[in-house]
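The next block holds one structure in the form of structure tokens; read it before the comments.
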Amino acid sequence: MKKVLTSLEEAARLVQDGDLVTFGGATFHRAPMEFVRELVRQGKKELNLVDREPAMDFDLLIGAGCVAKVRTGMLAFEVFGMAPNFRKKSEKGEIVTKEGACQPIIAGFRAAAMGLPSLPVKGMLGSDLLTISEVVGSQTEIKDPFTGETMIAVRAIEPDIAVIHAQKADEYGNIRIEGPFYEDVIKAKAAKKVVVTAEELISNRDIRKMPEATTIPHFIVDAVVETPKGAYPCSCFNYYDADYDHIKAYLKAAAQDQFEQYLDNNVYRRASA
Amino acid sequence: MNAKIETPDLMIYAMALEIENFNTVLHGVSSPLPVLAMSVARKTHAPDMAYISGAEGVDPELDRIYPSSFDARLNRNAVAYFGLHEAFDLAQRGELDVMFLGAAQVDGNGNTNLSLIGDVERPKVQLPGGAASAFLMPITPKVVIWVTRHSNRVFVEEVDFVTGQGYNHRSEEHKANEIVVISNLAVMNFKNPERVMQIQHYHPGHTIEEIKENTGFDLRVAPDASETPVPTQDVLDLIAEIDRDGIRLSEFH
């Protein structure tokens, strides 16, 4: 086992401009928000983001000008409504939106995790979403060789990097996720590089006391960063709930053309005038 | 009818009635109404349903809802976690009985649009995306679409983009699967040979004429159309208790 503990700055340097990136969690839960803010601070460009149901993590990067392309099943702020920067930049043509659907995106991750070039899924037939994915080359109709059933083959999605916020990790990259997993374990296996930000570092001795709690073992993790409150304002199960007031303040800032001030105050942490 | 029953509560009860006992039911993201409907169903006529939360908990002892339908607090005292990819496996096996989905546009054939209006390359209106719609719509035995703003801008002649597949965009095999549309005015289904939308129930205080006027296509009326069943006080109390913050109203503003 090799120690992979590093700083947030160093870990974020593993992300290259133009990379295909996915994040752990779903909507307002266990998104690696502190890492996302570091990507903004480092001025990443042309990122290609993929996930089934992200929210503020994607919208923040889009609003900060870090994103070229987005592929999601749905990108919105739950009952609070649309993702403001996503909507604006998509309608202005400043980002390319290639909508997928949750199942094909998950299947794409699963294919990559299994080392397969593609994986078939049911459903999808008859949806105009297929016309988008045919153009992108991510999904196509196939016949099962045994039954003749028509299905949709989804090309493997192998992110350059998956960034996951977990509850606990040791310095070698043995990871414990508590509560809902989402597709985080699949994403970690699918990606070329894996960064884990963790609420808490625990000892390797503690990890060994309960190996069944290790959801991601060290040999697929490239960097671990101790990052308390690393999902804030999203939730981290067993540590803190989502701060819905902060999320509403974000939406208000975006709606009132004050997104730059939001970034200054919450991302760059520059004292504002 | 005595006291006026609020529209969200009427819709929640109508959605709950679409669940049968022993059904396996999943809700997705941004779904306060489905979460409340599932909670009502299992406290009333479907005590043995399998409840799979979008937050991954199975049969949680839900005591309240939150602005996010993926909030882990929705999993309170769950018996297990069952991830979305596992729920989708179940759907492919034909073992997910009921799913609730939203729509920005719906047409008379049951197609839904949650994707975009205008050009695919440069949308005039970018919508949030269909999430599981295109995957689950054709293959799930029953999909319940909920719409909180019934108007002829939402109920259109033909959707601008087919996210979820209606009956004219499905294989013969998938035409057997049911779509139910529940709006703030009516309960609609496709139980006729042509598989086109028809009014099954009109909500108390609303007329068939009013519903048809607010629909952008020729909406049929089922021969046995009747008023929407109203929830009992116990059901209303349950909804008010679980949603003490009034989150269910957020979609009606």
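Every chain in the structure tokens has a letter given in the order shown (A, B, ...), and although residue numbers restart at 1 in each chain, ligands are simply numbered from 1 in the order shown.
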### Query
Which chain B residues are at most 6 Å from chain A (counting only C-alpha atoms), as a list in words?
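Within 6 Å of chain A on chain B, we get Ser30, Pro67, Ser68, Arg122, Pro123, Lys124, Gln126, Pro128, Gly129, Gly130, Ala131, Ala132, Ala134, Phe135, Pro138, Ile139, Val162, Thr163, Gln165, His169 and Arg170 of chain B.
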### Query
Mind pulling up the distance from CA of Phe109 (chain A) to CA of Cys66 (chain A)?
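Calculated distance between CA of Cys66 (chain A) and CA of Phe109 (chain A) is 22.8 Å.
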### Task
Please identify all polymer residues within 7 Å of Asn109 (chain B), counting only C-alpha atoms, omitting same-chain residues fewer than 6 positions from it, and present them as an MDAnalysis selection string.
chainID B and resid 166:168 195:197
### Message
as an MDAnalysis selection string, please: every residue in region 40-193 of chain B that DSSP puts in helix (DSSP H, G or I).
### Response
chainID B and resid 40:43 72:75 84:92 133:139 167:169 173:176
What would the file look like if the residues just selected were written as an mmCIF file, in the first residue's frame with N, CA and C atoms?
data_model
loop_
_atom_site.group_PDB
_atom_site.id
_atom_site.type_symbol
_atom_site.label_atom_id
_atom_site.label_comp_id
_atom_site.auth_asym_id
_atom_site.auth_seq_id
_atom_site.Cartn_x
_atom_site.Cartn_y
_atom_site.Cartn_z
ATOM 1 N N VAL B 40 -48.916 7.851 1.790
ATOM 2 C CA VAL B 40 -50.352 7.691 2.016
ATOM 3 C C VAL B 40 -50.781 6.274 1.641
ATOM 4 N N ALA B 41 -50.321 5.779 0.493
ATOM 5 C CA ALA B 41 -50.745 4.457 0.009
ATOM 6 C C ALA B 41 -50.430 3.377 1.033
ATOM 7 N N ARG B 42 -49.222 3.444 1.585
ATOM 8 C CA ARG B 42 -48.875 2.320 2.477
ATOM 9 C C ARG B 42 -49.498 2.453 3.860
ATOM 10 N N LYS B 43 -49.986 3.663 4.195
ATOM 11 C CA LYS B 43 -50.715 3.823 5.466
ATOM 12 C C LYS B 43 -52.202 3.524 5.277
ATOM 13 N N ALA B 72 -31.041 12.152 2.657
ATOM 14 C CA ALA B 72 -30.849 10.866 3.351
ATOM 15 C C ALA B 72 -31.754 10.738 4.579
ATOM 16 N N ARG B 73 -32.284 11.866 5.071
ATOM 17 C CA ARG B 73 -33.206 11.787 6.211
ATOM 18 C C ARG B 73 -34.527 11.121 5.809
ATOM 19 N N LEU B 74 -34.782 11.032 4.510
ATOM 20 C CA LEU B 74 -35.971 10.314 4.036
ATOM 21 C C LEU B 74 -35.838 8.804 4.263
ATOM 22 N N ASN B 75 -34.628 8.361 4.554
ATOM 23 C CA ASN B 75 -34.382 6.920 4.735
ATOM 24 C C ASN B 75 -34.535 6.475 6.188
ATOM 25 N N LEU B 84 -30.098 3.168 -7.071
ATOM 26 C CA LEU B 84 -30.880 3.416 -8.285
ATOM 27 C C LEU B 84 -30.529 2.406 -9.375
ATOM 28 N N HIS B 85 -29.246 2.055 -9.484
ATOM 29 C CA HIS B 85 -28.884 1.075 -10.527
ATOM 30 C C HIS B 85 -29.544 -0.280 -10.255
ATOM 31 N N GLU B 86 -29.764 -0.579 -8.979
ATOM 32 C CA GLU B 86 -30.446 -1.837 -8.639
ATOM 33 C C GLU B 86 -31.945 -1.736 -8.942
ATOM 34 N N ALA B 87 -32.523 -0.561 -8.663
ATOM 35 C CA ALA B 87 -33.934 -0.349 -8.993
ATOM 36 C C ALA B 87 -34.135 -0.437 -10.510
ATOM 37 N N PHE B 88 -33.150 0.050 -11.266
ATOM 38 C CA PHE B 88 -33.235 -0.027 -12.729
ATOM 39 C C PHE B 88 -33.088 -1.476 -13.217
ATOM 40 N N ASP B 89 -32.255 -2.235 -12.543
ATOM 41 C CA ASP B 89 -32.166 -3.668 -12.876
ATOM 42 C C ASP B 89 -33.544 -4.311 -12.707
ATOM 43 N N LEU B 90 -34.182 -3.945 -11.613
ATOM 44 C CA LEU B 90 -35.511 -4.474 -11.301
ATOM 45 C C LEU B 90 -36.506 -4.097 -12.413
ATOM 46 N N ALA B 91 -36.412 -2.854 -12.854
ATOM 47 C CA ALA B 91 -37.311 -2.375 -13.915
ATOM 48 C C ALA B 91 -37.093 -3.177 -15.197
ATOM 49 N N GLN B 92 -35.842 -3.471 -15.522
ATOM 50 C CA GLN B 92 -35.550 -4.253 -16.737
ATOM 51 C C GLN B 92 -36.081 -5.678 -16.618
ATOM 52 N N SER B 133 -37.089 9.127 -17.431
ATOM 53 C CA SER B 133 -38.298 9.015 -18.263
ATOM 54 C C SER B 133 -38.144 8.097 -19.472
ATOM 55 N N ALA B 134 -37.140 8.338 -20.295
ATOM 56 C CA ALA B 134 -37.016 7.591 -21.552
ATOM 57 C C ALA B 134 -36.737 6.109 -21.310
ATOM 58 N N PHE B 135 -36.129 5.830 -20.194
ATOM 59 C CA PHE B 135 -35.839 4.444 -19.835
ATOM 60 C C PHE B 135 -37.082 3.752 -19.266
ATOM 61 N N LEU B 136 -37.746 4.414 -18.322
ATOM 62 C CA LEU B 136 -38.834 3.742 -17.600
ATOM 63 C C LEU B 136 -40.201 3.827 -18.280
ATOM 64 N N MET B 137 -40.448 4.906 -19.023
ATOM 65 C CA MET B 137 -41.799 5.084 -19.589
ATOM 66 C C MET B 137 -42.301 3.849 -20.344
ATOM 67 N N PRO B 138 -41.541 3.340 -21.320
ATOM 68 C CA PRO B 138 -42.108 2.217 -22.078
ATOM 69 C C PRO B 138 -42.136 0.896 -21.328
ATOM 70 N N ILE B 139 -41.182 0.668 -20.428
ATOM 71 C CA ILE B 139 -41.033 -0.698 -19.872
ATOM 72 C C ILE B 139 -41.716 -0.906 -18.527
ATOM 73 N N TYR B 167 -47.872 6.409 -26.571
ATOM 74 C CA TYR B 167 -48.279 5.172 -27.270
ATOM 75 C C TYR B 167 -47.899 5.150 -28.742
ATOM 76 N N ASN B 168 -47.782 6.325 -29.392
ATOM 77 C CA ASN B 168 -47.388 6.327 -30.812
ATOM 78 C C ASN B 168 -45.875 6.229 -30.996
ATOM 79 N N HIS B 169 -45.151 6.139 -29.906
ATOM 80 C CA HIS B 169 -43.694 5.957 -30.005
ATOM 81 C C HIS B 169 -43.235 4.701 -29.267
ATOM 82 N N GLU B 173 -45.571 -4.398 -27.837
ATOM 83 C CA GLU B 173 -45.399 -5.007 -26.511
ATOM 84 C C GLU B 173 -45.542 -3.950 -25.400
ATOM 85 N N HIS B 174 -44.961 -2.799 -25.634
ATOM 86 C CA HIS B 174 -44.965 -1.756 -24.603
ATOM 87 C C HIS B 174 -46.267 -0.964 -24.565
ATOM 88 N N LYS B 175 -47.124 -1.192 -25.574
ATOM 89 C CA LYS B 175 -48.428 -0.503 -25.562
ATOM 90 C C LYS B 175 -49.326 -1.055 -24.459
ATOM 91 N N ALA B 176 -48.986 -2.236 -23.945
ATOM 92 C CA ALA B 176 -49.776 -2.820 -22.867
ATOM 93 C C ALA B 176 -49.544 -2.079 -21.542
#
